[in-house]
>>> print(open('upload-v3.txt').read())   # compact mmCIF, C-alpha atoms and all ligand atoms
# COMPACT_ATOMS: atom_id res chain seq x y z
CA MET A 158 335.15 88.74 163.43
CA THR A 159 337.54 89.01 166.39
CA LYS A 160 340.37 87.52 164.32
CA ARG A 161 339.77 90.11 161.65
CA TRP A 162 340.08 92.99 164.07
CA ILE A 163 343.23 91.59 165.59
CA GLY A 164 344.61 91.25 162.07
CA ALA A 165 343.67 94.85 161.38
CA SER A 166 345.38 96.18 164.49
CA VAL A 167 348.53 94.23 163.70
CA VAL A 168 348.67 95.76 160.26
CA ALA A 169 348.08 99.24 161.65
CA LEU A 170 350.76 98.82 164.30
CA THR A 171 353.24 97.43 161.79
CA LEU A 172 352.63 100.40 159.54
CA LEU A 173 353.13 102.90 162.30
CA ALA A 174 356.30 101.17 163.43
CA LEU A 175 357.81 101.10 159.95
CA PRO A 176 360.50 103.80 159.55
CA ALA A 177 360.28 103.63 155.76
CA PHE A 178 356.68 104.63 156.09
CA VAL A 179 357.49 107.89 157.83
CA GLN A 180 360.35 108.58 155.41
CA ALA A 181 358.06 108.10 152.44
CA GLN A 182 355.83 110.85 153.74
CA ASP A 183 358.73 113.15 154.52
CA SER A 184 360.40 112.78 151.15
CA GLY A 185 357.03 113.33 149.48
CA ALA A 186 356.71 116.70 151.16
CA ALA A 187 360.32 117.66 150.39
CA GLU A 188 359.86 116.87 146.70
CA THR A 189 356.97 119.28 146.37
CA ILE A 190 359.01 122.10 147.84
CA THR A 191 362.38 121.57 146.14
CA ASP A 192 361.73 120.05 142.71
CA GLY A 193 358.42 121.60 141.75
CA GLU A 194 357.35 121.42 138.10
CA ALA A 195 360.82 120.69 136.79
CA ALA A 196 360.66 117.19 138.24
CA ARG A 197 357.82 116.32 135.86
CA VAL A 198 359.51 117.17 132.55
CA GLN A 199 359.50 114.06 130.33
CA PRO A 200 362.53 113.04 128.23
CA ILE A 201 360.35 113.17 125.10
CA ALA A 202 357.34 115.48 124.68
CA PHE A 203 354.87 112.62 124.18
CA PRO A 204 351.33 113.95 123.57
CA HIS A 205 348.37 111.74 124.54
CA THR A 206 346.19 114.13 122.48
CA ILE A 207 347.67 112.88 119.18
CA HIS A 208 348.03 109.20 120.08
CA ALA A 209 344.96 108.46 122.21
CA GLY A 210 342.97 111.45 120.86
CA VAL A 211 343.41 112.06 117.10
CA ASP A 212 344.75 108.59 116.25
CA GLN A 213 342.52 106.82 118.80
CA ILE A 214 345.12 104.23 119.73
CA ASP A 215 343.61 102.10 122.51
CA CYS A 216 345.00 102.87 125.98
CA GLN A 217 345.83 99.23 126.48
CA TYR A 218 347.78 98.96 123.21
CA CYS A 219 350.45 100.91 125.11
CA HIS A 220 349.51 100.27 128.75
CA PHE A 221 349.38 96.61 127.85
CA SER A 222 349.26 94.96 131.25
CA ALA A 223 346.43 96.94 132.94
CA GLU A 224 343.88 94.16 132.64
CA ARG A 225 346.08 91.32 133.77
CA SER A 226 348.57 92.74 136.22
CA VAL A 227 349.11 95.09 139.16
CA ASP A 228 350.88 97.70 136.98
CA ALA A 229 349.31 99.23 133.87
CA GLY A 230 352.77 99.22 132.23
CA ILE A 231 354.61 101.85 130.17
CA PRO A 232 355.32 100.80 126.56
CA PRO A 233 358.86 99.77 125.57
CA VAL A 234 360.69 101.82 122.88
CA GLY A 235 359.93 99.07 120.38
CA THR A 236 356.21 99.89 120.56
CA CYS A 237 356.97 103.51 119.63
CA PHE A 238 359.52 102.59 116.97
CA GLY A 239 357.01 100.25 115.32
CA CYS A 240 355.26 103.38 114.05
CA HIS A 241 358.07 105.90 114.20
CA GLN A 242 360.52 104.11 111.95
CA ILE A 243 358.01 105.18 109.26
CA ILE A 244 356.33 108.25 110.80
CA GLY A 245 358.97 110.98 111.09
CA GLY A 246 356.73 113.95 111.87
CA THR A 247 355.75 116.97 109.79
CA ASP A 248 357.28 120.13 111.24
CA GLU A 249 360.78 120.59 112.63
CA ARG A 250 359.79 120.43 116.30
CA GLN A 251 357.92 117.14 115.77
CA GLN A 252 360.82 115.68 113.81
CA ALA A 253 363.24 116.58 116.60
CA GLU A 254 361.07 114.87 119.26
CA ILE A 255 360.54 111.78 117.09
CA GLN A 256 364.27 111.63 116.36
CA LYS A 257 364.77 111.08 120.10
CA VAL A 258 362.59 107.95 119.87
CA ARG A 259 364.78 106.68 117.02
CA ASP A 260 367.95 107.42 119.00
CA TYR A 261 366.75 105.48 122.07
CA TRP A 262 365.89 102.60 119.75
CA ALA A 263 369.23 102.71 117.93
CA ASN A 264 371.09 102.72 121.26
CA GLN A 265 368.79 100.03 122.67
CA GLU A 266 368.14 102.20 125.70
CA PRO A 267 364.84 102.39 127.56
CA ILE A 268 363.22 105.85 127.59
CA PRO A 269 363.58 107.20 131.17
CA TRP A 270 359.95 108.34 131.63
CA VAL A 271 359.19 110.23 134.84
CA ARG A 272 356.59 108.42 136.95
CA ILE A 273 353.53 110.49 137.91
CA TYR A 274 350.95 108.36 139.73
CA LYS A 275 352.45 106.43 142.61
CA VAL A 276 350.98 105.14 145.85
CA ALA A 277 353.15 104.87 148.97
CA ASP A 278 355.24 101.69 149.28
CA HIS A 279 352.99 100.26 151.98
CA VAL A 280 349.93 100.42 149.70
CA HIS A 281 348.88 97.75 147.22
CA PHE A 282 346.96 98.86 144.12
CA PRO A 283 346.08 96.14 141.59
CA HIS A 284 345.00 97.59 138.19
CA MET A 285 343.55 94.30 136.97
CA ARG A 286 340.94 94.12 139.74
CA HIS A 287 339.68 97.60 138.86
CA ILE A 288 339.63 96.97 135.11
CA ALA A 289 337.76 93.70 135.73
CA ALA A 290 335.21 95.72 137.75
CA GLN A 291 334.66 97.84 134.58
CA ILE A 292 335.99 101.11 136.03
CA ASP A 293 337.17 103.39 133.19
CA CYS A 294 340.72 104.72 133.16
CA ALA A 295 339.13 108.21 133.12
CA THR A 296 337.43 107.72 136.50
CA CYS A 297 340.86 107.76 138.13
CA HIS A 298 343.11 109.47 135.56
CA GLY A 299 340.74 111.99 133.91
CA ASN A 300 340.32 112.44 130.13
CA VAL A 301 343.88 111.57 129.19
CA GLU A 302 343.13 111.71 125.45
CA GLU A 303 342.66 115.47 125.86
CA MET A 304 345.98 116.00 127.65
CA THR A 305 349.12 117.13 125.83
CA VAL A 306 351.02 116.69 129.09
CA ILE A 307 349.56 114.35 131.72
CA GLU A 308 347.69 116.37 134.34
CA GLU A 309 347.34 114.78 137.71
CA VAL A 310 343.80 113.98 138.71
CA ASN A 311 342.74 112.69 142.15
CA GLN A 312 346.16 113.49 143.60
CA PRO A 313 347.42 112.81 146.19
CA LEU A 314 346.15 109.24 146.09
CA ALA A 315 344.76 109.41 149.61
CA MET A 316 343.19 106.61 151.60
CA GLY A 317 339.85 108.45 151.79
CA TRP A 318 339.59 108.49 147.99
CA CYS A 319 340.13 104.73 147.72
CA VAL A 320 337.88 103.83 150.65
CA SER A 321 334.95 106.04 149.64
CA CYS A 322 334.72 104.36 146.24
CA HIS A 323 335.10 100.95 147.88
CA VAL A 324 332.16 101.79 150.16
CA GLU A 325 330.11 103.07 147.21
CA ARG A 326 330.73 99.98 145.11
CA GLY A 327 330.69 97.38 147.84
CA ALA A 328 334.40 96.48 147.49
CA SER A 329 336.55 95.36 150.43
CA ARG A 330 337.54 97.79 153.21
CA ASP A 331 339.80 95.30 154.93
CA CYS A 332 343.04 97.04 155.93
CA ALA A 333 345.04 94.04 154.75
CA VAL A 334 343.83 94.14 151.13
CA CYS A 335 345.39 97.58 150.61
CA HIS A 336 348.27 97.46 153.10
CA TYR A 337 351.20 95.07 153.13
C1 LIG B 401 351.11 105.31 122.01
C2 LIG B 401 351.19 104.87 123.37
C3 LIG B 401 350.22 105.36 124.42
C4 LIG B 401 348.84 105.39 124.36
C5 LIG B 401 347.93 104.99 123.21
C6 LIG B 401 348.39 105.84 125.65
N1 LIG B 401 349.46 106.09 126.46
FE1 LIG B 401 349.40 106.70 128.41
N2 LIG B 401 351.44 106.91 128.41
C7 LIG B 401 352.28 106.59 127.37
C8 LIG B 401 353.63 107.00 127.70
C9 LIG B 401 354.86 106.85 126.82
C10 LIG B 401 353.57 107.57 128.99
C11 LIG B 401 354.74 108.19 129.80
C12 LIG B 401 354.94 109.63 129.41
C13 LIG B 401 353.90 110.56 129.95
O1 LIG B 401 353.64 110.56 131.16
O2 LIG B 401 353.29 111.29 129.14
C14 LIG B 401 352.18 107.49 129.42
C15 LIG B 401 351.72 107.92 130.64
C16 LIG B 401 350.40 107.72 131.10
C17 LIG B 401 349.94 107.98 132.44
C18 LIG B 401 350.80 108.49 133.58
C19 LIG B 401 351.67 107.34 134.07
C20 LIG B 401 352.45 107.67 135.32
O3 LIG B 401 353.65 107.89 135.21
O4 LIG B 401 351.86 107.71 136.39
C21 LIG B 401 348.61 107.67 132.48
C22 LIG B 401 347.69 107.77 133.67
C23 LIG B 401 348.24 107.23 131.16
N3 LIG B 401 349.35 107.27 130.34
C24 LIG B 401 346.96 106.86 130.79
C25 LIG B 401 346.57 106.60 129.49
C26 LIG B 401 345.19 106.44 129.08
C27 LIG B 401 344.00 106.50 130.01
C28 LIG B 401 345.21 106.22 127.73
C29 LIG B 401 344.03 106.06 126.79
C30 LIG B 401 343.04 107.15 126.81
C31 LIG B 401 346.60 106.22 127.31
N4 LIG B 401 347.39 106.48 128.39
C32 LIG B 401 347.05 105.98 126.01
C33 LIG B 401 351.91 105.97 126.19
C34 LIG B 401 350.60 105.82 125.74
C1 LIG B 402 350.23 103.41 116.07
C2 LIG B 402 351.27 104.32 115.69
C3 LIG B 402 352.04 105.10 116.74
C4 LIG B 402 352.64 104.63 117.88
C5 LIG B 402 352.62 103.21 118.42
C6 LIG B 402 353.33 105.74 118.46
N1 LIG B 402 353.14 106.87 117.72
FE1 LIG B 402 353.92 108.72 118.09
N2 LIG B 402 352.87 109.50 116.52
C7 LIG B 402 352.08 108.76 115.65
C8 LIG B 402 351.47 109.68 114.68
C9 LIG B 402 350.53 109.28 113.55
C10 LIG B 402 351.95 110.98 115.00
C11 LIG B 402 351.63 112.30 114.27
C12 LIG B 402 352.71 112.55 113.26
C13 LIG B 402 352.40 113.76 112.36
O1 LIG B 402 351.48 114.52 112.65
O2 LIG B 402 353.14 113.91 111.37
C14 LIG B 402 352.83 110.81 116.16
C15 LIG B 402 353.53 111.86 116.76
C16 LIG B 402 354.48 111.71 117.75
C17 LIG B 402 355.30 112.77 118.29
C18 LIG B 402 355.30 114.24 117.85
C19 LIG B 402 354.22 114.87 118.66
C20 LIG B 402 353.98 116.35 118.58
O3 LIG B 402 354.15 117.00 119.63
O4 LIG B 402 353.54 116.86 117.56
C21 LIG B 402 356.08 112.22 119.27
C22 LIG B 402 357.11 112.92 120.14
C23 LIG B 402 355.73 110.81 119.35
N3 LIG B 402 354.77 110.54 118.41
C24 LIG B 402 356.31 109.92 120.24
C25 LIG B 402 355.89 108.61 120.41
C26 LIG B 402 356.36 107.74 121.48
C27 LIG B 402 357.37 108.10 122.54
C28 LIG B 402 355.70 106.55 121.31
C29 LIG B 402 355.78 105.33 122.19
C30 LIG B 402 355.44 105.50 123.57
C31 LIG B 402 354.84 106.68 120.15
N4 LIG B 402 354.98 107.94 119.64
C32 LIG B 402 354.05 105.67 119.63
C33 LIG B 402 351.90 107.40 115.68
C34 LIG B 402 352.34 106.52 116.66
C1 LIG B 403 340.51 102.79 140.37
C2 LIG B 403 341.46 103.78 139.88
C3 LIG B 403 342.29 103.49 138.64
C4 LIG B 403 341.86 103.01 137.41
C5 LIG B 403 340.45 102.60 136.99
C6 LIG B 403 343.03 103.00 136.57
N1 LIG B 403 344.12 103.43 137.25
FE1 LIG B 403 346.01 103.67 136.54
N2 LIG B 403 346.69 104.12 138.40
C7 LIG B 403 345.89 104.23 139.53
C8 LIG B 403 346.74 104.34 140.71
C9 LIG B 403 346.24 104.44 142.14
C10 LIG B 403 348.08 104.31 140.23
C11 LIG B 403 349.36 104.29 141.07
C12 LIG B 403 349.63 102.82 141.35
C13 LIG B 403 350.88 102.48 142.09
O1 LIG B 403 351.64 103.35 142.47
O2 LIG B 403 351.14 101.26 142.26
C14 LIG B 403 348.01 104.19 138.77
C15 LIG B 403 349.11 104.15 137.93
C16 LIG B 403 349.03 104.09 136.54
C17 LIG B 403 350.15 104.16 135.63
C18 LIG B 403 351.61 104.31 136.06
C19 LIG B 403 352.49 103.14 135.70
C20 LIG B 403 351.98 101.76 135.97
O3 LIG B 403 352.51 100.84 135.33
O4 LIG B 403 351.08 101.50 136.78
C21 LIG B 403 349.66 104.07 134.35
C22 LIG B 403 350.43 104.08 133.05
C23 LIG B 403 348.21 103.93 134.47
N3 LIG B 403 347.87 103.94 135.80
C24 LIG B 403 347.36 103.78 133.38
C25 LIG B 403 346.04 103.37 133.49
C26 LIG B 403 345.20 102.97 132.36
C27 LIG B 403 345.63 102.96 130.91
C28 LIG B 403 343.98 102.62 132.88
C29 LIG B 403 342.77 102.05 132.15
C30 LIG B 403 343.03 100.86 131.32
C31 LIG B 403 344.05 102.82 134.33
N4 LIG B 403 345.32 103.26 134.66
C32 LIG B 403 343.01 102.61 135.22
C33 LIG B 403 344.52 104.23 139.55
C34 LIG B 403 343.71 103.75 138.52
C1 LIG B 404 336.32 104.42 141.49
C2 LIG B 404 336.28 103.34 142.45
C3 LIG B 404 337.54 102.82 143.09
C4 LIG B 404 338.64 103.55 143.49
C5 LIG B 404 338.89 105.03 143.37
C6 LIG B 404 339.55 102.57 144.08
N1 LIG B 404 339.03 101.32 144.01
FE1 LIG B 404 339.94 99.59 144.65
N2 LIG B 404 338.37 98.50 143.95
C7 LIG B 404 337.20 99.02 143.45
C8 LIG B 404 336.28 97.94 143.15
C9 LIG B 404 334.87 98.06 142.58
C10 LIG B 404 336.96 96.74 143.54
C11 LIG B 404 336.38 95.33 143.57
C12 LIG B 404 336.84 94.52 142.43
C13 LIG B 404 336.41 93.08 142.65
O1 LIG B 404 335.42 92.83 143.37
O2 LIG B 404 337.11 92.26 142.13
C14 LIG B 404 338.26 97.13 144.04
C15 LIG B 404 339.22 96.24 144.48
C16 LIG B 404 340.41 96.58 145.07
C17 LIG B 404 341.37 95.66 145.64
C18 LIG B 404 341.23 94.14 145.68
C19 LIG B 404 340.34 93.84 146.85
C20 LIG B 404 340.20 92.38 147.17
O3 LIG B 404 339.10 92.01 147.67
O4 LIG B 404 341.13 91.61 146.94
C21 LIG B 404 342.40 96.41 146.17
C22 LIG B 404 343.62 95.91 146.89
C23 LIG B 404 342.08 97.80 145.90
N3 LIG B 404 340.88 97.87 145.24
C24 LIG B 404 342.88 98.86 146.29
C25 LIG B 404 342.60 100.19 145.99
C26 LIG B 404 343.46 101.30 146.38
C27 LIG B 404 344.75 101.18 147.16
C28 LIG B 404 342.87 102.43 145.88
C29 LIG B 404 343.35 103.86 145.97
C30 LIG B 404 344.74 104.14 145.64
C31 LIG B 404 341.64 102.03 145.21
N4 LIG B 404 341.51 100.67 145.31
C32 LIG B 404 340.78 102.92 144.60
C33 LIG B 404 336.91 100.36 143.21
C34 LIG B 404 337.78 101.42 143.44
C1 LIG B 405 341.02 100.73 149.68
C2 LIG B 405 342.38 100.80 150.15
C3 LIG B 405 342.69 101.04 151.61
C4 LIG B 405 342.08 100.46 152.69
C5 LIG B 405 340.93 99.47 152.72
C6 LIG B 405 342.78 100.94 153.85
N1 LIG B 405 343.77 101.82 153.47
FE1 LIG B 405 345.05 102.81 154.75
N2 LIG B 405 345.78 103.88 153.14
C7 LIG B 405 345.44 103.68 151.85
C8 LIG B 405 346.10 104.70 151.04
C9 LIG B 405 346.02 104.87 149.53
C10 LIG B 405 346.84 105.51 151.93
C11 LIG B 405 347.62 106.77 151.64
C12 LIG B 405 349.07 106.55 151.47
C13 LIG B 405 349.76 107.87 151.15
O1 LIG B 405 349.42 108.88 151.79
O2 LIG B 405 350.58 107.88 150.27
C14 LIG B 405 346.65 104.94 153.26
C15 LIG B 405 347.24 105.43 154.44
C16 LIG B 405 347.15 104.81 155.68
C17 LIG B 405 347.89 105.20 156.87
C18 LIG B 405 348.86 106.35 156.95
C19 LIG B 405 348.20 107.61 157.41
C20 LIG B 405 347.61 108.38 156.30
O3 LIG B 405 346.44 108.80 156.42
O4 LIG B 405 348.28 108.63 155.29
C21 LIG B 405 347.55 104.33 157.87
C22 LIG B 405 348.04 104.33 159.30
C23 LIG B 405 346.55 103.43 157.32
N3 LIG B 405 346.35 103.74 155.97
C24 LIG B 405 345.94 102.42 158.03
C25 LIG B 405 344.84 101.70 157.59
C26 LIG B 405 344.00 100.85 158.44
C27 LIG B 405 344.24 100.58 159.92
C28 LIG B 405 343.01 100.36 157.64
C29 LIG B 405 341.82 99.49 158.00
C30 LIG B 405 340.92 100.06 159.00
C31 LIG B 405 343.23 100.89 156.27
N4 LIG B 405 344.33 101.71 156.30
C32 LIG B 405 342.48 100.58 155.16
C33 LIG B 405 344.57 102.72 151.34
C34 LIG B 405 343.74 101.92 152.12
>>> encode(input="upload-v3.txt", output="structure tokens")
Amino acid sequence: MTKRWIGASVVALTLLALPAFVQAQDSGAAETITDGEAARVQPIAFPHTIHAGVDQIDCQYCHFSAERSVDAGIPPVGTCFGCHQIIGGTDERQQAEIQKVRDYWANQEPIPWVRIYKVADHVHFPHMRHIAAQIDCATCHGNVEEMTVIEEVNQPLAMGWCVSCHVERGASRDCAVCHY
């Protein structure tokens, strides 16, 4: 018991002493003011509505590592090209967006997707533990299959949000499980 509390205080002190920690918060605030919406424009207009909605492709077909790793994973171009070497799109706008997929593939370049959900560097979030506990993607990310553009749900990813669910579901509240 005592050891645990000492451990907790050490973690808390380390966090407070870490300059990177303060910077992370500062830059977060600056981003909201300067970049605004423009920062979230994706290189290809990829609609979850068609893929996860109409075509009902399983989330984990693309986010392939969610159940076995810390990161859910973003699919490589090859996963897209597997379908889009055949599926070219119907109207002109669709064809132009899908052509971008083919170009990235032809150039063997990764698609530079803009990251949306991100916890601070001092926080550890393991997807696999949450998937194993049978928590749906939608609990944390909303109904993604109805989103043309990803809308942020439960943002910012604050400590209170994590801890209140941990309390509700009897998961650990130890500082050290979430903080490095
Ligand atoms: C055909 C592949 C594909 C399928 C199926 C798919 N996704 Fe995605 N997902 C992507 C790509 C590509 C991105 C990055 C572009 C974007 O943000 O729209 C992404 C982004 C996301 C993000 C935001 C990631 C970030 O940057 O923080 C979330 C959350 C997400 N998907 C959840 C889901 C869920 C939940 C499902 C199932 C209902 C799903 N996805 C189905 C390909 C897919
Ligand atoms: C399992 C097959 C499959 C995979 C994998 C897949 N797509 Fe698609 N995609 C489709 C189908 C089907 C359509 C609808 C085409 C139509 O209506 O003519 C589509 C449509 C699109 C469109 C046009 C959307 C619009 O706004 O109308 C884009 C852009 C696109 N896909 C990008 C991607 C990207 C990027 C990936 C990889 C992350 C990907 N697709 C993976 C099957 C797939
Ligand atoms: C308990 C809440 C929770 C659940 C359940 C959850 N996520 Fe996440 N997701 C997060 C958080 C928090 C982040 C940011 C993690 C980070 O920055 O390390 C995230 C990040 C992501 C990302 C960004 C890129 C990456 O590789 O991590 C994708 C994609 C994603 N989630 C997809 C999914 C999918 C698909 C599912 C269901 C199979 C899912 N998530 C289930 C909370 C959750
Ligand atoms: C909707 C509920 C929910 C939310 C939100 C949630 N978690 Fe969890 N988390 C759980 C459950 C349930 C477990 C226990 C899984 C198990 O027992 O293996 C867990 C386990 C964990 C673990 C592993 C704990 C251990 O004992 O090793 C970490 C680390 C973690 N969560 C971090 C986070 C962080 C960081 C956030 C917020 C960004 C978060 N979680 C948000 C429900 C949640
Ligand atoms: C379930 C996961 C989880 C647990 C348990 C947890 N934290 Fe956090 N903590 C977070 C997340 C997520 C943030 C928010 C980071 C951000 O703002 O980007 C955070 C932020 C913080 C901050 C920065 C101040 C703030 O509010 O943003 C401190 C200091 C901190 N935690 C200390 C602790 C201490 C001490 C404990 C144990 C008593 C603890 N945390 C337990 C997830 C957790």
>>> atom_distance(input="upload-v3.txt", atom1="atom O2 of ligand LIG 404 (chain B)", atom2="CA of Gln312 (chain A)")
23.1 Å
>>> closest_residue(input="upload-v3.txt", among="A:Ile268, A:Ala209, A:Ile255, A:Ala289", to="Ile231 (chain A)", atoms="only C-alpha atoms")
A:Ile268
>>> residues_around(input="upload-v3.txt", residues="Ile244 (chain A)", least_positions_apart="3", cutoff="12 Å", atoms="all atoms listed in the file", output="MDAnalysis selection string")
chainID A and resid 237:241 247:248 251:252 254:256 258:259
>>> closest_residue(input="upload-v3.txt", among="A:Trp262, A:Glu224, A:His287, A:Gly245", to="His323 (chain A)", atoms="only C-alpha atoms")
A:His287
>>> closest_residue(input="upload-v3.txt", among="A:Ser329, A:Arg197, A:Asp212, A:Val334", to="Tyr274 (chain A)", atoms="all atoms listed in the file")
A:Arg197
>>> closest_atom_pairs(input="upload-v3.txt", of="chain A", to="ligand LIG 401 (chain B)", cutoff="7 Å", atoms="only C-alpha atoms and all ligand atoms", output="JSON lines")
{"residue": "A:Gln199", "atom": "CA", "partner": "B:LIG401", "partner_atom": "C12", "distance": 6.4}
{"residue": "A:Phe203", "atom": "CA", "partner": "B:LIG401", "partner_atom": "O2", "distance": 5.4}
{"residue": "A:Pro204", "atom": "CA", "partner": "B:LIG401", "partner_atom": "O2", "distance": 6.5}
{"residue": "A:His205", "atom": "CA", "partner": "B:LIG401", "partner_atom": "C6", "distance": 6.0}
{"residue": "A:His208", "atom": "CA", "partner": "B:LIG401", "partner_atom": "C5", "distance": 5.2}
{"residue": "A:Ala209", "atom": "CA", "partner": "B:LIG401", "partner_atom": "C5", "distance": 4.7}
{"residue": "A:Ile214", "atom": "CA", "partner": "B:LIG401", "partner_atom": "C5", "distance": 4.5}
{"residue": "A:Asp215", "atom": "CA", "partner": "B:LIG401", "partner_atom": "C5", "distance": 5.2}
{"residue": "A:Cys216", "atom": "CA", "partner": "B:LIG401", "partner_atom": "C29", "distance": 3.4}
{"residue": "A:Gln217", "atom": "CA", "partner": "B:LIG401", "partner_atom": "C32", "distance": 6.9}
{"residue": "A:Tyr218", "atom": "CA", "partner": "B:LIG401", "partner_atom": "C5", "distance": 6.0}
{"residue": "A:Cys219", "atom": "CA", "partner": "B:LIG401", "partner_atom": "C2", "distance": 4.4}
{"residue": "A:His220", "atom": "CA", "partner": "B:LIG401", "partner_atom": "N1", "distance": 6.3}
{"residue": "A:Ile231", "atom": "CA", "partner": "B:LIG401", "partner_atom": "C8", "distance": 5.8}
{"residue": "A:Pro232", "atom": "CA", "partner": "B:LIG401", "partner_atom": "C9", "distance": 6.1}
{"residue": "A:Cys237", "atom": "CA", "partner": "B:LIG401", "partner_atom": "C1", "distance": 6.6}
{"residue": "A:Trp270", "atom": "CA", "partner": "B:LIG401", "partner_atom": "C11", "distance": 5.5}
{"residue": "A:Val271", "atom": "CA", "partner": "B:LIG401", "partner_atom": "O3", "distance": 6.0}
{"residue": "A:Arg272", "atom": "CA", "partner": "B:LIG401", "partner_atom": "O3", "distance": 3.5}
{"residue": "A:Ile273", "atom": "CA", "partner": "B:LIG401", "partner_atom": "O4", "distance": 3.6}
{"residue": "A:Tyr274", "atom": "CA", "partner": "B:LIG401", "partner_atom": "O4", "distance": 3.5}
{"residue": "A:Lys275", "atom": "CA", "partner": "B:LIG401", "partner_atom": "O4", "distance": 6.4}
{"residue": "A:Cys294", "atom": "CA", "partner": "B:LIG401", "partner_atom": "C27", "distance": 4.9}
{"residue": "A:Ala295", "atom": "CA", "partner": "B:LIG401", "partner_atom": "C27", "distance": 6.0}
{"residue": "A:His298", "atom": "CA", "partner": "B:LIG401", "partner_atom": "C22", "distance": 5.2}
{"residue": "A:Asn300", "atom": "CA", "partner": "B:LIG401", "partner_atom": "C30", "distance": 6.8}
{"residue": "A:Val301", "atom": "CA", "partner": "B:LIG401", "partner_atom": "C30", "distance": 5.1}
{"residue": "A:Glu302", "atom": "CA", "partner": "B:LIG401", "partner_atom": "C30", "distance": 4.8}
{"residue": "A:Val306", "atom": "CA", "partner": "B:LIG401", "partner_atom": "O2", "distance": 5.9}
{"residue": "A:Ile307", "atom": "CA", "partner": "B:LIG401", "partner_atom": "O2", "distance": 5.5}
>>> closest_atom_pairs(input="upload-v3.txt", of="chain A", to="ligand LIG 404 (chain B)", cutoff="10 Å", atoms="all atoms listed in the file", output="CSV")
residue,atom,partner,partner_atom,distance
A:Val227,CA,B:LIG404,C22,9.5
A:Tyr274,CA,B:LIG404,C30,9.6
A:Lys275,CA,B:LIG404,C30,8.6
A:Val276,CA,B:LIG404,C30,6.3
A:Ala277,CA,B:LIG404,C30,9.1
A:His279,CA,B:LIG404,C27,9.6
A:Val280,CA,B:LIG404,C27,5.8
A:His281,CA,B:LIG404,C27,5.4
A:Phe282,CA,B:LIG404,C27,4.4
A:Pro283,CA,B:LIG404,C22,5.8
A:His284,CA,B:LIG404,N3,8.2
A:Met285,CA,B:LIG404,O2,8.5
A:Arg286,CA,B:LIG404,O2,4.9
A:His287,CA,B:LIG404,N2,5.3
A:Ile288,CA,B:LIG404,C12,8.2
A:Ala289,CA,B:LIG404,O2,6.6
A:Ala290,CA,B:LIG404,C12,5.1
A:Gln291,CA,B:LIG404,C9,8.0
A:Ile292,CA,B:LIG404,C1,6.4
A:Asp293,CA,B:LIG404,C1,8.4
A:Cys294,CA,B:LIG404,C1,9.4
A:Ala295,CA,B:LIG404,C1,9.6
A:Thr296,CA,B:LIG404,C1,6.1
A:Cys297,CA,B:LIG404,C5,6.2
A:His298,CA,B:LIG404,C5,9.9
A:Asn311,CA,B:LIG404,C5,8.7
A:Gln312,CA,B:LIG404,C30,9.7
A:Pro313,CA,B:LIG404,C30,9.1
A:Leu314,CA,B:LIG404,C30,5.3
A:Ala315,CA,B:LIG404,C30,6.6
A:Met316,CA,B:LIG404,C29,6.3
A:Gly317,CA,B:LIG404,C29,8.2
A:Trp318,CA,B:LIG404,C5,5.8
A:Cys319,CA,B:LIG404,C32,3.7
A:Val320,CA,B:LIG404,C32,6.8
A:Ser321,CA,B:LIG404,C5,7.5
A:Cys322,CA,B:LIG404,C2,4.2
A:His323,CA,B:LIG404,C33,5.0
A:Val324,CA,B:LIG404,C33,8.5
A:Glu325,CA,B:LIG404,C2,7.8
A:Arg326,CA,B:LIG404,C9,5.2
A:Gly327,CA,B:LIG404,C9,6.8
A:Ala328,CA,B:LIG404,C11,4.5
A:Ser329,CA,B:LIG404,O3,5.0
A:Arg330,CA,B:LIG404,C19,8.0
A:Asp331,CA,B:LIG404,O3,8.0
A:Cys332,CA,B:LIG404,C22,9.1
A:Ala333,CA,B:LIG404,C22,8.2
A:Val334,CA,B:LIG404,C22,4.6
A:Cys335,CA,B:LIG404,C22,4.4
A:His336,CA,B:LIG404,C27,7.8
A:Tyr337,CA,B:LIG404,C22,9.9
>>> atom_distance(input="upload-v3.txt", atom1="atom N3 of ligand LIG 403 (chain B)", atom2="CA of Ala223 (chain A)")
7.7 Å
>>> closest_residue(input="upload-v3.txt", among="A:Asp278, A:Ile201, A:Gly299, A:Thr305", to="ligand LIG 405 (chain B)", atoms="all atoms listed in the file")
A:Asp278
>>> atom_distance(input="upload-v3.txt", atom1="atom C30 of ligand LIG 402 (chain B)", atom2="CA of Thr236 (chain A)")
6.4 Å
>>> closest_residue(input="upload-v3.txt", among="A:Pro269, A:Gly230, A:Gly235, A:Gly246", to="ligand LIG 403 (chain B)", atoms="only C-alpha atoms and all ligand atoms")
A:Gly230
>>> axis_aligned_box(input="upload-v3.txt", around="ligand LIG 402 (chain B)", padding_each_side="4 Å", output="lines of an AutoDock Vina configuration file")
center_x = 353.8
center_y = 110.1
center_z = 117.5
size_x = 15.1
size_y = 21.8
size_z = 20.2
>>> closest_residue(input="upload-v3.txt", among="A:Val310, A:Ala263, A:Val211, A:Ala202", to="ligand LIG 403 (chain B)", atoms="only C-alpha atoms and all ligand atoms")
A:Val310
